[in-house]
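Okay, work.json is below, JSON, C-alpha atoms:
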```
[["chain", "number", "residue", "atom", "x", "y", "z"],
["A", 1, "GLY", "CA", -4.08, -17.99, 2.91],
["A", 2, "GLY", "CA", -0.58, -18.98, 1.91],
["A", 3, "VAL", "CA", 1.75, -20.19, 4.64],
["A", 4, "VAL", "CA", 4.80, -17.88, 4.79],
["A", 5, "TYR", "CA", 6.54, -19.24, 7.91],
["A", 6, "VAL", "CA", 6.87, -22.62, 9.59],
["A", 7, "HIS", "CA", 8.86, -22.87, 12.85],
["A", 8, "PRO", "CA", 12.06, -24.85, 12.15],
["A", 9, "GLY", "CA", 11.42, -27.10, 15.16],
["A", 10, "LEU", "CA", 7.89, -27.99, 14.04],
["A", 11, "LYS", "CA", 8.47, -31.71, 13.56],
["A", 12, "ARG", "CA", 6.59, -34.78, 14.72],
["A", 13, "GLY", "CA", 7.55, -35.63, 18.31],
["A", 14, "ALA", "CA", 9.18, -32.25, 19.00],
["A", 15, "ILE", "CA", 8.36, -30.50, 22.29],
["A", 16, "LEU", "CA", 7.81, -26.75, 21.96],
["A", 17, "PRO", "CA", 7.14, -24.23, 24.78],
["A", 18, "ALA", "CA", 3.93, -22.26, 25.20],
["A", 19, "GLY", "CA", 3.91, -18.99, 23.24],
["A", 20, "THR", "CA", 5.95, -20.36, 20.32],
["A", 21, "GLU", "CA", 4.80, -19.07, 16.93],
["A", 22, "ILE", "CA", 4.62, -22.29, 14.95],
["A", 23, "LEU", "CA", 3.00, -20.97, 11.73],
["A", 24, "ARG", "CA", 2.34, -17.67, 9.99],
["A", 25, "ILE", "CA", -0.15, -17.20, 7.19],
["A", 26, "SER", "CA", 0.27, -14.34, 4.69],
["A", 27, "PRO", "CA", -1.57, -11.33, 6.16],
["A", 28, "VAL", "CA", -1.93, -9.44, 2.85],
["A", 29, "ASP", "CA", -5.55, -10.39, 2.10],
["A", 30, "PHE", "CA", -6.57, -9.73, 5.69],
["A", 31, "GLU", "CA", -4.79, -6.35, 5.79],
["A", 32, "LEU", "CA", -6.64, -5.39, 2.60],
["A", 33, "ALA", "CA", -9.95, -6.42, 4.21],
["A", 34, "VAL", "CA", -9.17, -4.21, 7.25],
["A", 35, "ALA", "CA", -8.24, -1.28, 4.96],
["A", 36, "GLN", "CA", -11.42, -1.76, 2.90],
["A", 37, "ALA", "CA", -13.60, -1.86, 6.02],
["A", 38, "THR", "CA", -11.87, 1.27, 7.36],
["A", 39, "ALA", "CA", -12.48, 3.09, 4.07],
["A", 40, "ASN", "CA", -16.14, 2.00, 4.10],
["A", 41, "ILE", "CA", -16.57, 3.39, 7.63],
["A", 42, "ARG", "CA", -15.01, 6.74, 6.65],
["A", 43, "SER", "CA", -17.15, 6.97, 3.53],
["A", 44, "ALA", "CA", -20.35, 6.22, 5.47],
["A", 45, "GLU", "CA", -19.43, 8.74, 8.17],
["A", 46, "ALA", "CA", -18.79, 11.37, 5.47],
["A", 47, "LYS", "CA", -22.22, 10.60, 4.02],
["A", 48, "LEU", "CA", -23.72, 11.16, 7.48],
["A", 49, "VAL", "CA", -22.03, 14.58, 7.66],
["A", 50, "GLU", "CA", -23.27, 15.34, 4.15],
["A", 51, "LEU", "CA", -26.84, 14.53, 5.25],
["A", 52, "LYS", "CA", -26.50, 17.02, 8.12],
["A", 53, "VAL", "CA", -25.29, 19.74, 5.71],
["A", 54, "THR", "CA", -28.14, 18.87, 3.33],
["A", 55, "GLU", "CA", -30.62, 19.24, 6.17],
["A", 56, "THR", "CA", -29.24, 22.67, 7.11],
["A", 57, "ASN", "CA", -29.22, 23.85, 3.48],
["A", 58, "THR", "CA", -32.70, 22.52, 2.76],
["A", 59, "THR", "CA", -34.09, 24.10, 5.94],
["A", 60, "ASP", "CA", -32.60, 27.47, 4.93],
["A", 61, "LEU", "CA", -33.96, 27.10, 1.39],
["A", 62, "LEU", "CA", -37.40, 26.17, 2.76],
["A", 63, "GLU", "CA", -37.48, 29.38, 4.79],
["A", 64, "ILE", "CA", -36.67, 31.43, 1.67],
["A", 65, "GLU", "CA", -39.32, 29.62, -0.39],
["A", 66, "ARG", "CA", -41.91, 30.14, 2.38],
["A", 67, "ARG", "CA", -41.27, 33.88, 2.23],
["A", 68, "GLY", "CA", -41.68, 33.70, -1.54],
["A", 69, "LEU", "CA", -44.98, 31.86, -1.04],
["A", 70, "LYS", "CA", -46.26, 34.59, 1.30],
["A", 71, "LEU", "CA", -45.43, 37.21, -1.33],
["A", 72, "ARG", "CA", -47.24, 35.23, -4.05],
["A", 73, "GLU", "CA", -50.29, 34.71, -1.80],
["A", 74, "ALA", "CA", -50.37, 38.46, -1.10],
["A", 75, "ASP", "CA", -50.13, 39.09, -4.85],
["A", 76, "VAL", "CA", -53.10, 36.75, -5.49],
["A", 77, "LYS", "CA", -55.20, 38.61, -2.86],
["A", 78, "ARG", "CA", -54.26, 41.96, -4.36],
["A", 79, "LYS", "CA", -55.11, 40.85, -7.91],
["A", 80, "LYS", "CA", -58.38, 39.29, -6.73],
["A", 81, "ALA", "CA", -59.38, 42.64, -5.23],
["A", 82, "LEU", "CA", -58.34, 44.45, -8.40],
["A", 83, "LEU", "CA", -60.26, 41.91, -10.50],
["A", 84, "GLY", "CA", -63.37, 42.62, -8.41],
["A", 85, "ARG", "CA", -63.01, 46.33, -9.22],
["A", 86, "GLY", "CA", -62.33, 45.54, -12.86],
["A", 87, "THR", "CA", -58.85, 47.11, -12.94],
["A", 88, "VAL", "CA", -56.93, 43.89, -13.77],
["A", 89, "ALA", "CA", -57.52, 41.20, -16.39],
["A", 90, "LYS", "CA", -58.76, 37.78, -15.30],
["A", 91, "THR", "CA", -55.73, 36.12, -16.96],
["A", 92, "SER", "CA", -53.41, 38.16, -14.73],
["A", 93, "TYR", "CA", -55.26, 36.87, -11.66],
["A", 94, "GLU", "CA", -55.14, 33.26, -12.95],
["A", 95, "THR", "CA", -51.41, 33.57, -13.68],
["A", 96, "ALA", "CA", -50.84, 34.75, -10.10],
["A", 97, "GLN", "CA", -52.83, 31.75, -8.82],
["A", 98, "ARG", "CA", -50.75, 29.32, -10.96],
["A", 99, "ASP", "CA", -47.51, 30.91, -9.70],
["A", 100, "THR", "CA", -48.74, 30.56, -6.11],
["A", 101, "LEU", "CA", -49.58, 26.88, -6.63],
["A", 102, "SER", "CA", -46.12, 26.27, -8.16],
["A", 103, "GLN", "CA", -44.51, 27.98, -5.17],
["A", 104, "LEU", "CA", -46.67, 25.94, -2.79],
["A", 105, "LYS", "CA", -45.54, 22.72, -4.52],
["A", 106, "LEU", "CA", -41.89, 23.79, -4.17],
["A", 107, "VAL", "CA", -42.38, 24.43, -0.44],
["A", 108, "GLN", "CA", -44.09, 21.04, -0.02],
["A", 109, "ASP", "CA", -41.26, 19.25, -1.91],
["A", 110, "LEU", "CA", -38.70, 20.78, 0.44],
["A", 111, "LYS", "CA", -40.73, 19.77, 3.50],
["A", 112, "ASN", "CA", -40.91, 16.19, 2.17],
["A", 113, "LYS", "CA", -37.15, 16.16, 1.60],
["A", 114, "ILE", "CA", -36.55, 17.28, 5.19],
["A", 115, "ARG", "CA", -38.95, 14.58, 6.50],
["A", 116, "LEU", "CA", -36.93, 11.89, 4.70],
["A", 117, "LEU", "CA", -33.59, 12.95, 6.18],
["A", 118, "PRO", "CA", -34.01, 11.27, 9.62],
["A", 119, "THR", "CA", -34.71, 7.94, 7.88],
["A", 120, "GLN", "CA", -31.69, 8.39, 5.61],
["A", 121, "ARG", "CA", -29.55, 9.19, 8.68],
["A", 122, "ALA", "CA", -30.82, 6.06, 10.47],
["A", 123, "VAL", "CA", -30.01, 3.92, 7.42],
["A", 124, "GLN", "CA", -26.53, 5.44, 7.24],
["A", 125, "GLN", "CA", -25.92, 4.79, 10.95],
["A", 126, "GLU", "CA", -26.93, 1.15, 10.48],
["A", 127, "GLN", "CA", -24.56, 0.92, 7.52],
["A", 128, "ILE", "CA", -21.74, 2.28, 9.69],
["A", 129, "ALA", "CA", -22.53, -0.39, 12.30],
["A", 130, "VAL", "CA", -22.31, -3.08, 9.58],
["A", 131, "TYR", "CA", -18.97, -1.71, 8.35],
["A", 132, "ARG", "CA", -17.63, -1.60, 11.92],
["A", 133, "ALA", "CA", -18.59, -5.26, 12.40],
["A", 134, "GLN", "CA", -16.82, -6.11, 9.13],
["A", 135, "HIS", "CA", -13.79, -4.15, 10.34],
["A", 136, "ASP", "CA", -13.72, -6.06, 13.66],
["A", 137, "SER", "CA", -14.09, -9.36, 11.81],
["A", 138, "ALA", "CA", -11.25, -8.47, 9.43],
["A", 139, "LYS", "CA", -8.99, -7.51, 12.35],
["A", 140, "LEU", "CA", -9.82, -10.80, 14.06],
["A", 141, "ASP", "CA", -8.94, -12.71, 10.89],
["A", 142, "LEU", "CA", -5.70, -10.74, 10.66],
["A", 143, "SER", "CA", -4.80, -11.67, 14.25],
["A", 144, "ARG", "CA", -5.31, -15.32, 13.34],
["A", 145, "THR", "CA", -2.51, -15.25, 10.77],
["A", 146, "HIS", "CA", -0.02, -15.87, 13.61],
["A", 147, "ILE", "CA", -0.57, -19.36, 15.01],
["A", 148, "ILE", "CA", 0.93, -19.59, 18.48],
["A", 149, "LEU", "CA", 0.98, -22.55, 20.86],
["A", 150, "PRO", "CA", -1.21, -21.75, 23.86],
["A", 151, "PHE", "CA", 0.54, -24.41, 25.99],
["A", 152, "GLU", "CA", 3.73, -26.48, 26.09],
["A", 153, "ALA", "CA", 3.09, -29.26, 23.62],
["A", 154, "ARG", "CA", 4.39, -32.34, 21.92],
["A", 155, "ILE", "CA", 3.87, -32.02, 18.18],
["A", 156, "GLY", "CA", 1.87, -34.79, 16.54],
["A", 157, "VAL", "CA", 1.00, -34.59, 12.85],
["A", 158, "VAL", "CA", 2.41, -31.72, 10.76],
["A", 159, "SER", "CA", 0.61, -31.37, 7.45],
["A", 160, "VAL", "CA", 1.79, -27.98, 6.26],
["A", 161, "GLU", "CA", 4.81, -26.48, 4.48],
["A", 162, "VAL", "CA", 5.91, -22.99, 3.51],
["A", 163, "GLU", "CA", 4.09, -21.70, 0.38],
["A", 164, "GLN", "CA", 1.30, -24.21, 0.87],
["A", 165, "PHE", "CA", -2.24, -22.80, 0.86],
["A", 166, "ALA", "CA", -3.97, -23.25, 4.22],
["A", 167, "GLN", "CA", -7.68, -24.02, 3.79],
["A", 168, "LEU", "CA", -10.25, -22.56, 6.18],
["A", 169, "GLY", "CA", -11.11, -25.23, 8.75],
["A", 170, "GLY", "CA", -8.28, -27.54, 7.63],
["A", 171, "THR", "CA", -5.92, -29.23, 10.09],
["A", 172, "LEU", "CA", -2.38, -27.90, 9.81],
["A", 173, "VAL", "CA", -0.80, -29.34, 12.97],
["A", 174, "THR", "CA", -1.87, -31.52, 15.87],
["A", 175, "ALA", "CA", -0.27, -30.89, 19.25],
["A", 176, "ASP", "CA", -0.82, -32.58, 22.61],
["A", 177, "SER", "CA", -0.45, -30.86, 25.96],
["A", 178, "LEU", "CA", 2.20, -32.25, 28.25],
["A", 179, "ASP", "CA", -0.13, -31.87, 31.25],
["A", 180, "VAL", "CA", -1.83, -35.15, 30.38],
["A", 181, "ALA", "CA", -0.26, -38.13, 28.69],
["A", 182, "GLU", "CA", -1.75, -41.29, 27.28],
["A", 183, "VAL", "CA", 0.44, -44.36, 27.28],
["A", 184, "GLU", "CA", -0.41, -47.49, 25.34],
["A", 185, "ALA", "CA", 0.78, -50.56, 27.25],
["A", 186, "GLN", "CA", 0.44, -54.27, 26.52],
["A", 187, "ILE", "CA", 0.29, -56.40, 29.67],
["A", 188, "PRO", "CA", -0.22, -60.16, 29.83],
["A", 189, "ILE", "CA", -3.54, -61.15, 31.46],
["A", 190, "SER", "CA", -1.77, -62.94, 34.29],
["A", 191, "GLN", "CA", -0.01, -59.71, 35.33],
["A", 192, "PHE", "CA", -3.12, -57.61, 34.67],
["A", 193, "ARG", "CA", -5.03, -59.59, 37.34],
["A", 194, "ALA", "CA", -2.25, -58.89, 39.80],
["A", 195, "MET", "CA", -2.43, -55.18, 38.98],
["A", 196, "ILE", "CA", -6.18, -55.12, 39.63],
["A", 197, "HIS", "CA", -5.78, -56.90, 42.98],
["A", 198, "ALA", "CA", -2.95, -54.56, 44.00],
["A", 199, "SER", "CA", -5.02, -51.46, 43.33],
["A", 200, "ALA", "CA", -8.03, -52.79, 45.28]]
```

Rendering of file as structure tokens:
Amino acid sequence: GGVVYVHPGLKRGAILPAGTEILRISPVDFELAVAQATANIRSAEAKLVELKVTETNTTDLLEIERRGLKLREADVKRKKALLGRGTVAKTSYETAQRDTLSQLKLVQDLKNKIRLLPTQRAVQQEQIAVYRAQHDSAKLDLSRTHIILPFEARIGVVSVEVEQFAQLGGTLVTADSLDVAEVEAQIPISQFRAMIHASA
């Protein structure tokens, strides 16, 4: 993201205390990612609720269609008996059979729809888990837009300016802790031997 703030004291050789915010990257893209992930979670949760309502409605409809099937089956039995006595036409009996088969197919379709709902719910719950992970990742990225020194440090190389684009994984600043220091010293060999003997 674009760098929107650089601490005024962020210069090579400067010593800054722990907790100093040295850089800030524009949070806009990261805030949008958090908002998008939040919206995705809400949408997926609404879909889960919709599946529950669909299950209730389909179960109620199945009960109605089962009652209709019982009536059609009773009608087929009645017409079969009448056909045996010769008081109803064969086509009337066959029509009743066709209507019963159509009703049976409708009942079976509703049963199949209800059987699929647990799988659809499981898929939706997994999708919610994915969206929550994306939300957590986006919040983590957002928290990383404020770059704060974790320790008192001497600033080394500064390779960033305001309005510059900070690349992912790029080095913006190097800072060395003051707990440990490395000193480069040039000592003549004659004095070096004396140092070694003194430390022994």

Determine the nearest neighbour of Ala153 of chain A from the options A:Ala81, A:Val130, A:Leu117, A:Ala175, counting only C-alpha atoms.
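Nearest to Ala153 of chain A: A:Ala175.
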
Pairwise distance for atom CA of Gly9 of chain A and atom CA of Asp29 of chain A, rounded to one decimal in Å
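For atom CA of Gly9 of chain A relative to atom CA of Asp29 of chain A, the distance reads 27.2 Å.
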
Just the number, please: distance in Å from atom CA of Leu48 of chain A to atom CA of Gln124 of chain A, one decimal.
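Between atom CA of Leu48 of chain A and atom CA of Gln124 of chain A the gap is 6.4 Å.
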
Taking all atoms listed in the file into account, name the residue in A:Arg72, A:His135, A:Arg98, A:Lys11 that is nearest to Leu32 of chain A.
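Closest to Leu32 of chain A of all the choices is A:His135.
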
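Computed from the coordinates, the atom CA of Ala46 of chain A to atom CA of Leu62 of chain A distance equals 23.9 Å.
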
Using only C-alpha atoms, pick whichever of A:Ala39, A:Ile189, A:Ile22, A:Leu51 has the shortest atom-to-atom distance to Thr119 of chain A.
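Ranking A:Ala39, A:Ile189, A:Ile22, A:Leu51 by distance to Thr119 of chain A, first place goes to A:Leu51.
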
From the set A:Arg67, A:Arg121, A:Lys90, A:Arg115, which residue has the shortest atom-to-atom contact distance to Ala44 of chain A, counting only C-alpha atoms?
A:Arg121

Pick out the residues sitting within 12 Å of Gln120 of chain A, and hand them over as an NGL selection string; count only C-alpha atoms, and ignore anything fewer than 5 positions along from it in its own chain.
:A and (44 or 47-52 or 54-55 or 113-115 or 125-127)

Using all atoms listed in the file, I'd like a table of the residues in segment 26-101 of chain A that come within 7 Å of segment 105-111 of chain A; for each, show the closest atom pair and its distance in Å rounded to one decimal, ordered by chain and ascending number, as JSON lines.
```
{"residue": "A:Thr58", "atom": "CA", "partner": "A:Leu110", "partner_atom": "CA", "distance": 6.7}
{"residue": "A:Leu62", "atom": "CA", "partner": "A:Leu110", "partner_atom": "CA", "distance": 6.0}
{"residue": "A:Glu65", "atom": "CA", "partner": "A:Val107", "partner_atom": "CA", "distance": 6.0}
{"residue": "A:Arg66", "atom": "CA", "partner": "A:Val107", "partner_atom": "CA", "distance": 6.4}
{"residue": "A:Leu101", "atom": "CA", "partner": "A:Lys105", "partner_atom": "CA", "distance": 6.2}
```

Select, counting all atoms listed in the file, all protein, DNA and RNA residues no farther than 10 Å from (-10.4, -5.8, 11.8) in file coordinates, and express the selection as a ChimeraX atom specification.
/A:30-38,132-143

So that I can see what lies close to Gly156 of chain A, please list as number ranges by chain the residues with an atom at most 9 Å from it, counting all atoms listed in the file and leaving out residues fewer than 3 positions away in the same chain.
A: 11-14, 173-176

Padding 5 Å on every side, please: axis-aligned box over the listed atoms of segment 183-188 of chain A, centre and edge lengths to one decimal in Å, as AutoDock Vina command-line options.
```
--center_x 0.2 --center_y -52.3 --center_z 27.6 --size_x 11.2 --size_y 25.8 --size_z 14.5
```

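When all atoms listed in the file are used to compute distances to Pro8 of chain A, the closest of the residues A:Ala122, A:Thr87, A:Asn57, A:Val162 turns out to be A:Val162.
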
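Between Ile41 of chain A and the residues A:Leu61, A:Val88, A:Gly19, A:Ala129, the shortest atom-to-atom distance, using only C-alpha atoms, involves A:Ala129.
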